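Visitor: Next up is a structure, given as structure tokens.
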Amino acid sequence: MPLSYLTRIAQTPAPTFHEERRAELIASLWQDLGYTTERDDVGNVLTRLTPPGTEGRPALLLAAHLDTVFEAGTDVTVREDAGRLVGPGVGDNSASLAVVTALLRDLRGGGSTLTRPLWVAANVGEEGLGDLRGSKSLIEQHSPQLGAFVAVDGYLGVAVTRGVGVRRYRASFIGPGGHSWGDQGPSALHALGRAISALYALHLPLTPRTTLNVGVAGGGTSVNSIAGSADLLLDLRSLDAGMLADLDGRAVAALHAAAREVGVTVRIERVGDRPGGHLNSEPLLPLIREAAREIKLDVRTASSSTDANAAAPHGLSAVAVGVYRGGNAHRTDEWVQAASLGSGLKFLRRMVDLYQRRPVR
């Protein structure tokens, strides 16, 4: 059962940009199963199953991300509670890593005959400011050798077939600073406040859905100091590339205008650019639905931002599928239904088997 791997994976910290310990654990687990692993320049772990006679055929790549949203020092202890495993990151994405590891264990036993190459990756940089750097790197390096990309991420019964485009910015307002009584220069925090107000005043279309969020903001040094610097992190999303580009332009203009009005400077850095759009999932959906039926599961399609987004610019068939039941993702009390991992493994294994029988390109 995947359960034998889950606690060990979840209790190995993996903040975005610091996934090394968990990457080493996954590589060790896969090597113990008899697989050769490789690490690329960005830190992804990859193993390639290419049985004799399958060389040169397009591979199916399964990828489960290593990183979690929790910062270093978070207590990642997993506890059991009435059939649930509870702890930070126990689901997203430790449970998916446990299931793909169990899949590799089962394939080692010869229970499935591969007629096409199967690659399995544990990738970095899916969460936060990671900007999909792991999946982007995998696909940019290997797309000519791939027939399809499946991000293993999320809840059982959900197939993400449309990528939500995301742009992210860090805006840094910089002024002269000084003493709150002895000086009268402009405040970087004043500019920050005006910028946030202007951003939330921007018109957002309801259809296609488009959103704006200032997720982090702050600055200054003390109550009796004029703030010499202040920063914010801005998240822009849309289901439509044109709408996202339009919002991007208006948001950046609002940031510049706020700085001018207050009399400070602003430095704007794009820190995230996740491509969106249709993921060409149609060839994969019949396989997913058939695999789900065998465990009496209904599948609903959804739009989201996942590692599958990285495939959009390449025209590669891609989808994100979940392999566990749980809740409270991105919270310290996240939970996974322990019994669901077996169902997730059966679903994923059956999907891989069906892919072998029905070539997809």
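Going through the structure tokens in order, the chains are called A, B, and so on, while each chain numbers its residues from 1 and the ligands are numbered from 1 in the order shown.
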Do you know which residues are at most 8 Å from Val86 in chain A counting only C-alpha atoms, after dropping those on the same chain fewer than 4 positions away, and could you put them as a list in words?
Guide: Val78, Arg79, Glu80, Asp81, Val90, Asp333, Glu334, Trp335 and Val336 of chain A
Visitor: As number ranges by chain, please: every residue in range 16-198 of chain A that DSSP puts in helix (DSSP H, G or I).
Guide: A: 20-32, 94-108, 128-130, 133-145, 188-198
Visitor: If you measure from CA of Leu138 in chain A to CA of Trp30 in chain A, what distance in Å do you get, rounded to one decimal?
Guide: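 The value is 18.4 Å.
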Visitor: I need the strand (DSSP E or B) residues of range 199-290 of chain A per DSSP on the backbone, written as an MDAnalysis selection string.
Guide: chainID A and resid 210:219 225:226 229:238 265:274 277:278
Visitor: Keeping N, CA and C atoms for every residue in the selection just given, could you write it to a file as a short mmCIF file (atom, residue, chain, number, x, y, z; two decimals), in the first residue's frame?
Guide:
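Written file, selection29.cif:
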```cif
data_model
loop_
_atom_site.label_atom_id
_atom_site.label_comp_id
_atom_site.auth_asym_id
_atom_site.auth_seq_id
_atom_site.Cartn_x
_atom_site.Cartn_y
_atom_site.Cartn_z
N THR A 210 -11.46 35.95 -14.25
CA THR A 210 -10.18 36.63 -14.14
C THR A 210 -10.08 37.18 -12.71
N THR A 211 -8.94 36.98 -12.05
CA THR A 211 -8.82 37.39 -10.65
C THR A 211 -7.52 38.16 -10.40
N LEU A 212 -7.54 38.91 -9.30
CA LEU A 212 -6.38 39.69 -8.85
C LEU A 212 -6.27 39.53 -7.36
N ASN A 213 -5.05 39.36 -6.85
CA ASN A 213 -4.86 39.21 -5.41
C ASN A 213 -3.51 39.76 -4.99
N VAL A 214 -3.50 40.63 -3.99
CA VAL A 214 -2.27 41.03 -3.32
C VAL A 214 -2.15 40.12 -2.11
N GLY A 215 -1.24 39.15 -2.19
CA GLY A 215 -1.17 38.13 -1.17
C GLY A 215 -0.23 38.46 -0.02
N VAL A 216 0.78 39.29 -0.27
CA VAL A 216 1.76 39.67 0.75
C VAL A 216 2.07 41.15 0.57
N ALA A 217 2.13 41.89 1.67
CA ALA A 217 2.47 43.32 1.61
C ALA A 217 3.06 43.75 2.93
N GLY A 218 4.02 44.67 2.87
CA GLY A 218 4.60 45.17 4.10
C GLY A 218 5.77 46.09 3.84
N GLY A 219 6.29 46.68 4.92
CA GLY A 219 7.44 47.56 4.78
C GLY A 219 7.63 48.40 6.02
N SER A 225 9.45 56.06 12.11
CA SER A 225 10.29 56.23 10.93
C SER A 225 9.41 56.28 9.70
N ILE A 226 9.74 57.20 8.79
CA ILE A 226 9.08 57.22 7.49
C ILE A 226 9.59 56.01 6.71
N SER A 229 11.11 51.79 2.41
CA SER A 229 10.85 50.72 1.44
C SER A 229 9.59 49.97 1.84
N ALA A 230 8.92 49.45 0.84
CA ALA A 230 7.72 48.64 1.05
C ALA A 230 7.54 47.75 -0.18
N ASP A 231 7.02 46.55 0.04
CA ASP A 231 6.91 45.57 -1.03
C ASP A 231 5.55 44.90 -1.02
N LEU A 232 5.14 44.45 -2.18
CA LEU A 232 3.95 43.62 -2.28
C LEU A 232 4.19 42.52 -3.30
N LEU A 233 3.43 41.43 -3.15
CA LEU A 233 3.41 40.36 -4.13
C LEU A 233 2.01 40.29 -4.72
N LEU A 234 1.94 40.33 -6.04
CA LEU A 234 0.68 40.41 -6.77
C LEU A 234 0.49 39.16 -7.62
N ASP A 235 -0.72 38.60 -7.55
CA ASP A 235 -1.07 37.40 -8.31
C ASP A 235 -2.22 37.75 -9.25
N LEU A 236 -2.02 37.53 -10.55
CA LEU A 236 -3.03 37.78 -11.57
C LEU A 236 -3.35 36.46 -12.26
N ARG A 237 -4.64 36.16 -12.47
CA ARG A 237 -5.03 34.90 -13.09
C ARG A 237 -6.19 35.11 -14.06
N SER A 238 -6.21 34.28 -15.10
CA SER A 238 -7.35 34.30 -16.00
C SER A 238 -7.39 33.01 -16.81
N THR A 265 10.07 55.90 -5.96
CA THR A 265 10.34 55.06 -7.13
C THR A 265 9.77 53.66 -6.88
N VAL A 266 9.59 52.92 -7.96
CA VAL A 266 9.10 51.55 -7.84
C VAL A 266 9.90 50.64 -8.75
N ARG A 267 10.26 49.50 -8.24
CA ARG A 267 10.92 48.46 -9.03
C ARG A 267 9.96 47.28 -9.12
N ILE A 268 9.64 46.90 -10.35
CA ILE A 268 8.66 45.84 -10.58
C ILE A 268 9.35 44.65 -11.23
N GLU A 269 9.23 43.50 -10.59
CA GLU A 269 9.88 42.28 -11.08
C GLU A 269 8.82 41.20 -11.29
N ARG A 270 8.79 40.64 -12.50
CA ARG A 270 7.89 39.52 -12.73
C ARG A 270 8.52 38.28 -12.11
N VAL A 271 7.81 37.66 -11.17
CA VAL A 271 8.35 36.51 -10.44
C VAL A 271 7.59 35.23 -10.74
N GLY A 272 6.63 35.30 -11.65
CA GLY A 272 5.89 34.10 -12.04
C GLY A 272 5.19 34.28 -13.35
N ASP A 273 5.25 33.27 -14.21
CA ASP A 273 4.57 33.31 -15.50
C ASP A 273 4.19 31.88 -15.87
N ARG A 274 2.99 31.49 -15.48
CA ARG A 274 2.50 30.14 -15.74
C ARG A 274 1.60 30.18 -16.97
N GLY A 277 -4.41 27.87 -20.72
CA GLY A 277 -5.10 27.47 -21.93
C GLY A 277 -5.48 26.00 -21.91
N HIS A 278 -6.10 25.55 -23.00
CA HIS A 278 -6.49 24.15 -23.12
C HIS A 278 -5.24 23.27 -23.14
#
```
Visitor: Please provide the set of residues having any atom within 12 Å of His142 in chain A, restricted to only C-alpha atoms, with same-chain residues fewer than 5 positions apart removed, written as a list in words.
Guide: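 That gives Asp40, Leu46, Arg48, Pro58, Ala59, Leu60, Leu61, Trp119, Ser135, Lys136, Ser137, Gly147, Ala148, Phe149, Ala311, His314 and Leu316 of chain A.
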Visitor: Rank A:His18, A:Arg116, A:Lys296, A:His256 by their smallest atom-to-atom distance to Ala191 in chain A, using only C-alpha atoms, and report the top residue only.
Guide: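 Closest candidate: A:His256.
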Visitor: Write out as a PyMOL selection string each polymer residue whose atoms come within 8 Å of Val150 in chain A, counting only C-alpha atoms; drop sequence neighbours fewer than 6 positions from it.
Guide: chain A and resi 60-63+308+318-321
Visitor: Give me the residues within 7 Å of Leu345 in chain A as a list in words, counting only C-alpha atoms and dropping any in the same chain fewer than 6 places off.
Guide: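 Using only C-alpha atoms, the neighbours found are Val99, Leu103 and Val323 of chain A.
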Visitor: Those residues you just picked out, can you put them in a file as a JSON list (two decimals), in the first residue's frame with all heavy atoms?
Guide:
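For reference, selection24.json as written:
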```
[["chain", "number", "residue", "atom", "x", "y", "z"],
["A", 99, "VAL", "N", 1.88, 7.48, -3.89],
["A", 99, "VAL", "CA", 1.17, 6.63, -4.84],
["A", 99, "VAL", "C", 2.04, 6.30, -6.05],
["A", 99, "VAL", "O", 2.08, 5.15, -6.51],
["A", 99, "VAL", "CB", -0.16, 7.29, -5.26],
["A", 99, "VAL", "CG1", -0.79, 6.54, -6.45],
["A", 99, "VAL", "CG2", -1.14, 7.31, -4.09],
["A", 103, "LEU", "N", 3.29, 2.68, -7.32],
["A", 103, "LEU", "CA", 3.14, 2.23, -8.71],
["A", 103, "LEU", "C", 4.45, 1.64, -9.23],
["A", 103, "LEU", "O", 4.45, 0.56, -9.85],
["A", 103, "LEU", "CB", 2.70, 3.40, -9.58],
["A", 103, "LEU", "CG", 2.63, 3.11, -11.09],
["A", 103, "LEU", "CD1", 1.49, 2.16, -11.40],
["A", 103, "LEU", "CD2", 2.49, 4.41, -11.88],
["A", 323, "VAL", "N", -5.12, 11.45, -6.83],
["A", 323, "VAL", "CA", -5.04, 10.03, -6.47],
["A", 323, "VAL", "C", -5.33, 9.79, -4.98],
["A", 323, "VAL", "O", -4.98, 8.75, -4.45],
["A", 323, "VAL", "CB", -3.65, 9.45, -6.84],
["A", 323, "VAL", "CG1", -3.49, 9.34, -8.34],
["A", 323, "VAL", "CG2", -2.51, 10.26, -6.22]]
```
Visitor: Can you tell me, as a PyMOL selection string, what residues are no more than 12 Å from Phe70 in chain A when counting only C-alpha atoms, ignoring any on the same chain fewer than 6 positions away?
Guide: chain A and resi 10-19+76+87-90+92-93+127-128+329-334
Visitor: Convert the current residue selection to file output with C-alpha atoms, as a PDB file, in the first residue's frame.
Guide:
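Saved result, part.pdb, follows:
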```pdb
ATOM      1  CA  ALA A  10       5.376  13.850   4.461  1.00  0.00           C
ATOM      2  CA  GLN A  11       7.709  14.143   7.461  1.00  0.00           C
ATOM      3  CA  THR A  12      10.638  15.071   5.224  1.00  0.00           C
ATOM      4  CA  PRO A  13      10.462  18.873   4.800  1.00  0.00           C
ATOM      5  CA  ALA A  14      10.386  20.249   1.256  1.00  0.00           C
ATOM      6  CA  PRO A  15       9.793  24.018   1.110  1.00  0.00           C
ATOM      7  CA  THR A  16       9.790  25.428  -2.403  1.00  0.00           C
ATOM      8  CA  PHE A  17      13.430  26.098  -3.459  1.00  0.00           C
ATOM      9  CA  HIS A  18      14.610  23.709  -0.713  1.00  0.00           C
ATOM     10  CA  GLU A  19      13.373  20.304  -1.872  1.00  0.00           C
ATOM     11  CA  VAL A  76       5.554  18.363   9.727  1.00  0.00           C
ATOM     12  CA  GLY A  87      -0.291  17.077   8.967  1.00  0.00           C
ATOM     13  CA  PRO A  88       1.160  19.877   6.845  1.00  0.00           C
ATOM     14  CA  GLY A  89       1.554  18.734   3.236  1.00  0.00           C
ATOM     15  CA  VAL A  90       0.385  15.181   3.919  1.00  0.00           C
ATOM     16  CA  ASP A  92      -0.337  18.117  -1.380  1.00  0.00           C
ATOM     17  CA  ASN A  93       1.750  16.535  -2.613  1.00  0.00           C
ATOM     18  CA  GLU A 127       4.124  25.791  -5.348  1.00  0.00           C
ATOM     19  CA  GLY A 128       4.301  29.532  -4.717  1.00  0.00           C
ATOM     20  CA  ALA A 329      -4.829  21.708   1.485  1.00  0.00           C
ATOM     21  CA  HIS A 330      -2.192  24.363   2.296  1.00  0.00           C
ATOM     22  CA  ARG A 331      -3.184  24.271   5.971  1.00  0.00           C
ATOM     23  CA  THR A 332      -1.271  22.721   8.844  1.00  0.00           C
ATOM     24  CA  ASP A 333      -4.272  20.463   9.550  1.00  0.00           C
ATOM     25  CA  GLU A 334      -4.420  19.048   6.033  1.00  0.00           C
TER      26      GLU A 334
END
```
Visitor: Do a neighbour search on Thr115 in chain A at 12 Å with only C-alpha atoms, toss out local chain neighbours closer than 5 positions, and write the hits as a PyMOL selection string.
Guide: chain A and resi 49-60+352-359
Visitor: Could you check the closest approach to Leu287 in chain A for each of A:Ile196, A:Ala159, A:Ile26, A:Ala310 and tell me which residue wins, using only C-alpha atoms?
Guide: A:Ala159
Visitor: My list of candidates is A:Val152, A:Leu107, A:Met351, A:Leu255. Which is closest to Ser197 in chain A when distances are computed with only C-alpha atoms?
Guide: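 Going through A:Val152, A:Leu107, A:Met351, A:Leu255 one by one, the smallest distance to Ser197 in chain A is for A:Leu255.
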Visitor: A:Leu206, A:Leu244, A:Ala259, A:Ile295: which is nearest Arg349 in chain A, counting only C-alpha atoms?
Guide: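 Once distances to Arg349 in chain A are computed over only C-alpha atoms, the minimum belongs to A:Ile295.
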Visitor: A:Gly91, A:Gly185, A:Gly276, A:Gly249: which is nearest Leu202 in chain A, counting only C-alpha atoms?
Guide: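 Using only C-alpha atoms, Leu202 in chain A sits closest to A:Gly249.
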Visitor: What is the distance, in Å and to one decimal place, between CA of Leu192 in chain A and CA of Ala258 in chain A?
Guide: 7.5 Å
